[in-house]
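Taking it in order: structure first as structure tokens, then the write-up.
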Amino acid sequence: MFRIVLFLLTNLAIVVVAGIILSVLGVGSTHTAGNTLNLANLLVVCFVFGMVGSLISLFMSKWLAKRTTGTEIIETPRSAEERWLLDTVAELSQKAGIKMPEVGIFPSFQSNAFATGWNKNAALVAVSSGLLDRMSRDEVRAVLGHEIGHVANGDMVTLSLIQGVVNTFVMFFSRIIGNFVDRVIFKNEDGPGIAYFVTSIIADIVLGILASAIVMWFSRRREFRADEAGARLAGKQSMINALRRLQAEHNMPDQMPAEMTALAIAEGQREGFSLAKLFASHPAIETRIAALEALQIPDQVPNQGALWR
């Protein structure tokens, strides 16, 4: 029920905000006389709706992550482990040149972690209880370095912008296809008819699935960069050991909410059909380990000194 209400409220916010922006810009109808498309207006409308939806999701990301994962923010440490977690994130953040993010723990037997936030100086880094239970401190530190790397690289913002651009072109070409079917096949010249709307919706779905391969390609690229960041901040061998620990749990069903999968350090196994290479948010862990092993960086990192570059 919470997700349904959130979905409805988010879409209502998108419609309201996009409507205000289009009104301010003075953008008119996307259709002209004879049921022809005004491509310039259509592109602006699609861009506004595509980017507004993506940016609203970005600004809501921390709140949504806390609600969907049950993350409890550490404000006052209640144990030596929580104190160590805060101190480690503070140290790694300083090395990476970003402000201290919020730090949290979420309940999950699966070893996992994620980072999110609308900018690198207002982020959230969280680890699962299972990860803390089964990983050594060096491995946890490497995982935290990986997540700090995502934040320092601005991956959440970049991913949202890419998603917004992809949304724009999916909407744009879907409506061109819908208009073609409505005018050419159904011979409708009295404005957009039912064929336009039905075809546009179907095209939205089909093109959206195909376009998601682009977003997932970037998601996989950013994992390599975050692995390198974790290795530079916490030591290459520690990062490799952490990935091997995750690899041992790779066949475990994914306990992360679907909307959080791309933000996690690892993608677990999901039931159902999937094209792993095109639509996976993460590269295969053995590929990530091989990429790290090829890097010419120290296996261990001293506690002092800035290592970010």
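Labels for the structure tokens follow display order: chains A, B, ..., residues from 1 in each chain, ligands from 1.
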query: Excluding same-chain residues fewer than 4 positions from Leu55 (chain A), what lies within 7 Å of it counting only C-alpha atoms, as a list of chain:residue names?
result: A:Met51, A:Phe59, A:Ser160
Pull C-alpha atoms from the residues just selected and write them as a PDB file, in the first residue's frame.
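Dumped to again.pdb:
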ATOM      1  CA  MET A  51      13.663  15.358 -16.478  1.00  0.00           C
ATOM      2  CA  PHE A  59      15.551  14.571  -4.531  1.00  0.00           C
ATOM      3  CA  SER A 160      19.388  10.509 -12.784  1.00  0.00           C
TER       4      SER A 160
END
query: Can you tell me, as a ChimeraX atom specification, what residues are no more than 12 Å from Lys277 (chain A) when counting only C-alpha atoms, ignoring any on the same chain fewer than 3 positions away?
result: /A:213-214,216-217,219-220,274,280-284,287
- prompt: So which residues touch Ala290 (chain A) within 10 Å, counting only C-alpha atoms, skipping near sequence neighbours fewer than 5 positions away, as JSON, numbers by chain?
  reply: {"A": [240, 285, 295]}
query: When DSSP works through the backbone of this structure, what residues of region 130-292 of chain A end up as helix (DSSP H, G or I), shown as JSON, numbers by chain?
result: {"A": [130, 131, 132, 133, 134, 137, 138, 139, 140, 141, 142, 143, 144, 145, 146, 147, 148, 149, 150, 151, 152, 155, 156, 157, 158, 159, 160, 161, 162, 163, 164, 165, 166, 167, 168, 169, 170, 171, 172, 173, 174, 175, 176, 177, 178, 179, 180, 181, 182, 183, 184, 185, 194, 195, 196, 197, 198, 199, 200, 201, 202, 203, 204, 205, 206, 207, 208, 209, 210, 211, 212, 213, 214, 215, 216, 217, 218, 219, 220, 221, 222, 223, 224, 225, 226, 227, 228, 229, 230, 231, 232, 233, 234, 236, 237, 238, 239, 240, 241, 242, 243, 244, 245, 246, 247, 258, 259, 260, 261, 262, 263, 276, 277, 278, 279, 285, 286, 287, 288, 289, 290, 291, 292]}
query: Could you state the separation of CA of Met256 (chain A) and CA of Met156 (chain A) in Å, given to one decimal place?
result: 17.2 Å
query: Got a sec: who's within 7 Å of His146 (chain A), counting only C-alpha atoms, leaving out chain neighbours fewer than 4 positions off, as a PyMOL selection string?
result: chain A and resi 142+150+226-227+229-230
Can you write out the residues you just picked, keeping N, CA and C atoms, as a PDB file, in the first residue's frame?
ATOM      1  N   ALA A 142      36.364  -1.441   3.025  1.00  0.00           N
ATOM      2  CA  ALA A 142      36.453  -1.394   1.563  1.00  0.00           C
ATOM      3  C   ALA A 142      35.077  -1.147   0.946  1.00  0.00           C
ATOM      4  N   HIS A 150      31.075   6.146  -5.014  1.00  0.00           N
ATOM      5  CA  HIS A 150      29.867   6.505  -5.749  1.00  0.00           C
ATOM      6  C   HIS A 150      29.484   7.962  -5.479  1.00  0.00           C
ATOM      7  N   ALA A 226      33.633   2.748  -8.858  1.00  0.00           N
ATOM      8  CA  ALA A 226      33.462   2.724  -7.405  1.00  0.00           C
ATOM      9  C   ALA A 226      34.342   1.656  -6.770  1.00  0.00           C
ATOM     10  N   ASP A 227      34.534   0.525  -7.458  1.00  0.00           N
ATOM     11  CA  ASP A 227      35.460  -0.500  -6.953  1.00  0.00           C
ATOM     12  C   ASP A 227      36.877   0.061  -6.869  1.00  0.00           C
ATOM     13  N   ALA A 229      37.651   3.187  -6.525  1.00  0.00           N
ATOM     14  CA  ALA A 229      37.666   4.147  -5.415  1.00  0.00           C
ATOM     15  C   ALA A 229      37.811   3.424  -4.086  1.00  0.00           C
ATOM     16  N   GLY A 230      37.086   2.321  -3.922  1.00  0.00           N
ATOM     17  CA  GLY A 230      37.194   1.543  -2.691  1.00  0.00           C
ATOM     18  C   GLY A 230      38.592   1.001  -2.492  1.00  0.00           C
TER      19      GLY A 230
END
Region 130-141 of chain A surroundings by only C-alpha atoms, 8 Å radius, close-in-sequence under 2 positions cut, as a compact mmCIF listing (two decimals) with N, CA, C and O atoms, in the first residue's frame:
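selection_7.txt written:
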# COMPACT_ATOMS: atom_id res chain seq x y z
N THR A 88 34.95 5.54 10.57
CA THR A 88 35.49 5.08 9.28
C THR A 88 34.91 5.87 8.13
O THR A 88 35.63 6.28 7.21
N PRO A 107 18.16 -3.55 8.20
CA PRO A 107 18.04 -4.97 8.53
C PRO A 107 17.94 -5.85 7.28
O PRO A 107 17.00 -5.74 6.51
N SER A 108 18.93 -6.69 7.07
CA SER A 108 18.93 -7.61 5.95
C SER A 108 19.98 -8.68 6.19
O SER A 108 21.13 -8.36 6.52
N PHE A 109 19.61 -9.94 6.03
CA PHE A 109 20.58 -11.01 6.19
C PHE A 109 21.61 -10.97 5.06
O PHE A 109 22.77 -11.30 5.26
N GLN A 110 21.19 -10.55 3.88
CA GLN A 110 22.09 -10.43 2.74
C GLN A 110 23.13 -9.35 3.01
O GLN A 110 22.83 -8.28 3.51
N SER A 111 24.38 -9.63 2.67
CA SER A 111 25.43 -8.62 2.77
C SER A 111 25.25 -7.61 1.65
O SER A 111 25.31 -7.98 0.46
N ASN A 112 25.01 -6.37 2.01
CA ASN A 112 24.80 -5.35 0.99
C ASN A 112 25.04 -3.97 1.57
O ASN A 112 25.16 -3.81 2.80
N ALA A 113 25.10 -2.98 0.72
CA ALA A 113 25.30 -1.60 1.13
C ALA A 113 24.84 -0.72 -0.01
O ALA A 113 24.77 -1.16 -1.17
N VAL A 127 24.77 0.31 5.39
CA VAL A 127 25.21 -1.08 5.24
C VAL A 127 24.19 -1.98 5.92
O VAL A 127 23.48 -1.56 6.83
N SER A 128 24.12 -3.21 5.45
CA SER A 128 23.17 -4.15 6.03
C SER A 128 23.74 -4.78 7.30
O SER A 128 24.96 -4.86 7.49
N VAL A 143 34.06 -1.80 1.49
CA VAL A 143 32.70 -1.58 1.00
C VAL A 143 32.29 -0.12 1.21
O VAL A 143 31.70 0.51 0.32
N LEU A 144 32.61 0.42 2.37
CA LEU A 144 32.32 1.82 2.63
C LEU A 144 33.08 2.73 1.66
O LEU A 144 32.53 3.73 1.18
N GLY A 145 34.32 2.36 1.34
CA GLY A 145 35.09 3.11 0.36
C GLY A 145 34.43 3.08 -1.01
O GLY A 145 34.42 4.09 -1.74
N ALA A 234 40.72 2.16 0.65
CA ALA A 234 40.81 1.16 1.71
C ALA A 234 41.79 0.03 1.42
O ALA A 234 41.96 -0.85 2.27
N SER A 238 41.78 -5.54 0.23
CA SER A 238 40.57 -5.50 1.05
C SER A 238 39.33 -5.42 0.17
O SER A 238 38.31 -6.06 0.44
N MET A 239 39.41 -4.63 -0.91
CA MET A 239 38.28 -4.51 -1.83
C MET A 239 38.03 -5.83 -2.54
O MET A 239 36.89 -6.26 -2.71
N ASN A 241 38.83 -8.82 -1.40
CA ASN A 241 38.30 -9.76 -0.40
C ASN A 241 36.81 -9.51 -0.15
O ASN A 241 36.04 -10.46 0.01
N ALA A 242 36.42 -8.23 -0.12
CA ALA A 242 35.00 -7.91 0.09
C ALA A 242 34.16 -8.42 -1.07
O ALA A 242 33.06 -8.97 -0.87
N ARG A 245 33.71 -12.09 -0.82
CA ARG A 245 32.71 -12.40 0.20
C ARG A 245 31.31 -12.25 -0.39
O ARG A 245 30.43 -13.08 -0.16
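Our summary of the geometry notes that CA of Ile289 (chain A) is positioned 18.9 Å from CA of Phe114 (chain A).
Among A:Arg175, A:Arg78, A:Lys187, A:Lys66, the residue with the shortest atom-to-atom distance to Ile205 (chain A), counting only C-alpha atoms, is A:Arg175.
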- request: Excluding Ile209 (chain A) and any residue of its chain fewer than 5 positions from it, enumerate the residues within 12 Å of it, using only C-alpha atoms, and give them as a PyMOL selection string.
  value: chain A and resi 166-167+170+202-204+214-216+274-275+278-279
Keeping only N, CA, C and O atoms, write those residues as a PDB file, in the first residue's frame.
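selection-v5.pdb, written as the output of this step:
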ATOM      1  N   VAL A 166      16.942   9.657 -21.267  1.00  0.00           N
ATOM      2  CA  VAL A 166      16.350   8.450 -21.838  1.00  0.00           C
ATOM      3  C   VAL A 166      14.827   8.548 -21.805  1.00  0.00           C
ATOM      4  O   VAL A 166      14.148   8.234 -22.796  1.00  0.00           O
ATOM      5  N   ASN A 167      14.285   9.003 -20.672  1.00  0.00           N
ATOM      6  CA  ASN A 167      12.830   9.177 -20.579  1.00  0.00           C
ATOM      7  C   ASN A 167      12.321  10.131 -21.656  1.00  0.00           C
ATOM      8  O   ASN A 167      11.255   9.910 -22.259  1.00  0.00           O
ATOM      9  N   VAL A 170      12.297   8.367 -25.089  1.00  0.00           N
ATOM     10  CA  VAL A 170      11.275   7.310 -25.112  1.00  0.00           C
ATOM     11  C   VAL A 170       9.895   7.930 -25.320  1.00  0.00           C
ATOM     12  O   VAL A 170       9.112   7.492 -26.172  1.00  0.00           O
ATOM     13  N   ILE A 202       1.851   1.574 -25.600  1.00  0.00           N
ATOM     14  CA  ILE A 202       2.567   0.340 -25.945  1.00  0.00           C
ATOM     15  C   ILE A 202       4.010   0.657 -26.338  1.00  0.00           C
ATOM     16  O   ILE A 202       4.959  -0.019 -25.907  1.00  0.00           O
ATOM     17  N   ALA A 203       4.184   1.719 -27.128  1.00  0.00           N
ATOM     18  CA  ALA A 203       5.539   2.108 -27.538  1.00  0.00           C
ATOM     19  C   ALA A 203       6.364   2.574 -26.345  1.00  0.00           C
ATOM     20  O   ALA A 203       7.573   2.317 -26.280  1.00  0.00           O
ATOM     21  N   ASP A 204       5.723   3.268 -25.392  1.00  0.00           N
ATOM     22  CA  ASP A 204       6.415   3.673 -24.162  1.00  0.00           C
ATOM     23  C   ASP A 204       7.012   2.461 -23.460  1.00  0.00           C
ATOM     24  O   ASP A 204       8.160   2.491 -22.999  1.00  0.00           O
ATOM     25  N   ILE A 214      20.545   1.123 -21.854  1.00  0.00           N
ATOM     26  CA  ILE A 214      21.518   2.221 -21.836  1.00  0.00           C
ATOM     27  C   ILE A 214      21.817   2.630 -20.399  1.00  0.00           C
ATOM     28  O   ILE A 214      22.974   2.825 -20.015  1.00  0.00           O
ATOM     29  N   VAL A 215      20.762   2.768 -19.602  1.00  0.00           N
ATOM     30  CA  VAL A 215      20.927   3.158 -18.205  1.00  0.00           C
ATOM     31  C   VAL A 215      21.717   2.093 -17.447  1.00  0.00           C
ATOM     32  O   VAL A 215      22.604   2.409 -16.646  1.00  0.00           O
ATOM     33  N   MET A 216      21.406   0.828 -17.699  1.00  0.00           N
ATOM     34  CA  MET A 216      22.103  -0.251 -17.011  1.00  0.00           C
ATOM     35  C   MET A 216      23.563  -0.351 -17.450  1.00  0.00           C
ATOM     36  O   MET A 216      24.425  -0.738 -16.666  1.00  0.00           O
ATOM     37  N   SER A 274      15.584 -12.821 -17.229  1.00  0.00           N
ATOM     38  CA  SER A 274      16.363 -11.589 -17.318  1.00  0.00           C
ATOM     39  C   SER A 274      17.482 -11.771 -18.327  1.00  0.00           C
ATOM     40  O   SER A 274      18.009 -12.862 -18.504  1.00  0.00           O
ATOM     41  N   LEU A 275      17.817 -10.701 -19.011  1.00  0.00           N
ATOM     42  CA  LEU A 275      18.974 -10.709 -19.895  1.00  0.00           C
ATOM     43  C   LEU A 275      20.117 -10.116 -19.100  1.00  0.00           C
ATOM     44  O   LEU A 275      20.302  -8.897 -19.052  1.00  0.00           O
ATOM     45  N   LEU A 278      22.655  -7.400 -20.580  1.00  0.00           N
ATOM     46  CA  LEU A 278      22.133  -6.118 -21.047  1.00  0.00           C
ATOM     47  C   LEU A 278      21.391  -5.338 -19.975  1.00  0.00           C
ATOM     48  O   LEU A 278      21.428  -4.111 -19.948  1.00  0.00           O
ATOM     49  N   PHE A 279      20.709  -6.054 -19.082  1.00  0.00           N
ATOM     50  CA  PHE A 279      19.823  -5.376 -18.154  1.00  0.00           C
ATOM     51  C   PHE A 279      20.235  -5.516 -16.692  1.00  0.00           C
ATOM     52  O   PHE A 279      19.491  -5.121 -15.797  1.00  0.00           O
TER      53      PHE A 279
END
List as a tab-separated table every residue of region 159-203 of chain A that is in contact with region 33-38 of chain A, defined as an atom at most 6 Å from one of its atoms (using only C-alpha atoms), together with the nearest atom pair and the distance in Å rounded to one decimal, sorted by chain and then rising number.
residue	atom	partner	partner_atom	distance
A:Glu189	CA	A:Gly34	CA	4.9
A:Asp190	CA	A:Asn35	CA	5.9
A:Gly191	CA	A:Asn35	CA	4.5
query: If you run DSSP on the backbone, which residues of region 16-231 of chain A are strand (DSSP E), as an NGL selection string?
result: :A and (31-32 or 36-37 or 72-73 or 102-106 or 113-116 or 124-128)
Emit the selected residues as a short mmCIF file (atom, residue, chain, number, x, y, z; two decimals), in the first residue's frame, including N, CA, C and O atoms.
data_model
loop_
_atom_site.label_atom_id
_atom_site.label_comp_id
_atom_site.auth_asym_id
_atom_site.auth_seq_id
_atom_site.Cartn_x
_atom_site.Cartn_y
_atom_site.Cartn_z
N HIS A 31 -0.10 19.12 -30.86
CA HIS A 31 -0.77 18.80 -32.12
C HIS A 31 -1.27 20.09 -32.78
O HIS A 31 -1.74 21.00 -32.11
N THR A 32 -1.15 20.14 -34.09
CA THR A 32 -1.66 21.27 -34.85
C THR A 32 -2.84 20.81 -35.71
O THR A 32 -3.29 19.66 -35.60
N THR A 36 -1.44 16.84 -37.05
CA THR A 36 0.01 16.73 -37.23
C THR A 36 0.70 17.14 -35.94
O THR A 36 0.17 17.94 -35.16
N LEU A 37 1.88 16.62 -35.74
CA LEU A 37 2.63 16.90 -34.52
C LEU A 37 3.48 18.16 -34.68
O LEU A 37 4.12 18.36 -35.71
N GLU A 72 18.12 2.62 9.68
CA GLU A 72 18.14 3.40 10.91
C GLU A 72 19.42 4.24 10.94
O GLU A 72 20.52 3.70 10.92
N ILE A 73 19.26 5.54 10.94
CA ILE A 73 20.41 6.45 10.92
C ILE A 73 21.10 6.44 12.28
O ILE A 73 20.45 6.50 13.33
N GLU A 102 25.24 11.03 5.94
CA GLU A 102 24.52 10.30 6.97
C GLU A 102 24.95 8.83 6.88
O GLU A 102 25.21 8.31 5.80
N VAL A 103 24.98 8.16 8.02
CA VAL A 103 25.39 6.75 8.06
C VAL A 103 24.27 5.95 8.71
O VAL A 103 23.73 6.37 9.75
N GLY A 104 23.92 4.83 8.12
CA GLY A 104 22.84 4.03 8.67
C GLY A 104 23.08 2.54 8.51
O GLY A 104 23.99 2.10 7.78
N ILE A 105 22.25 1.76 9.20
CA ILE A 105 22.26 0.31 9.12
C ILE A 105 20.85 -0.14 8.79
O ILE A 105 19.88 0.35 9.40
N PHE A 106 20.71 -1.04 7.83
CA PHE A 106 19.38 -1.55 7.51
C PHE A 106 19.32 -3.06 7.75
O PHE A 106 20.32 -3.76 7.57
N ALA A 113 25.10 -2.98 0.72
CA ALA A 113 25.30 -1.60 1.13
C ALA A 113 24.84 -0.72 -0.01
O ALA A 113 24.77 -1.16 -1.17
N PHE A 114 24.54 0.53 0.28
CA PHE A 114 24.16 1.45 -0.79
C PHE A 114 24.51 2.88 -0.39
O PHE A 114 24.74 3.18 0.78
N ALA A 115 24.56 3.74 -1.39
CA ALA A 115 24.75 5.17 -1.18
C ALA A 115 23.76 5.90 -2.06
O ALA A 115 23.47 5.47 -3.18
N THR A 116 23.21 6.98 -1.56
CA THR A 116 22.27 7.77 -2.36
C THR A 116 22.26 9.20 -1.83
O THR A 116 22.86 9.51 -0.80
N LEU A 124 23.74 9.75 1.77
CA LEU A 124 23.47 8.71 2.76
C LEU A 124 24.25 7.47 2.38
O LEU A 124 24.22 7.05 1.22
N VAL A 125 24.96 6.90 3.32
CA VAL A 125 25.66 5.63 3.13
C VAL A 125 25.13 4.66 4.17
O VAL A 125 25.11 4.98 5.37
N ALA A 126 24.69 3.49 3.73
CA ALA A 126 24.12 2.52 4.66
C ALA A 126 24.63 1.12 4.34
O ALA A 126 24.90 0.78 3.19
N VAL A 127 24.77 0.31 5.39
CA VAL A 127 25.21 -1.08 5.24
C VAL A 127 24.19 -1.98 5.92
O VAL A 127 23.48 -1.56 6.83
N SER A 128 24.12 -3.21 5.45
CA SER A 128 23.17 -4.15 6.03
C SER A 128 23.74 -4.78 7.30
O SER A 128 24.96 -4.86 7.49
#
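The two atoms in question, CA of Thr199 (chain A) and CA of Gly164 (chain A), are spaced 21.8 Å apart.
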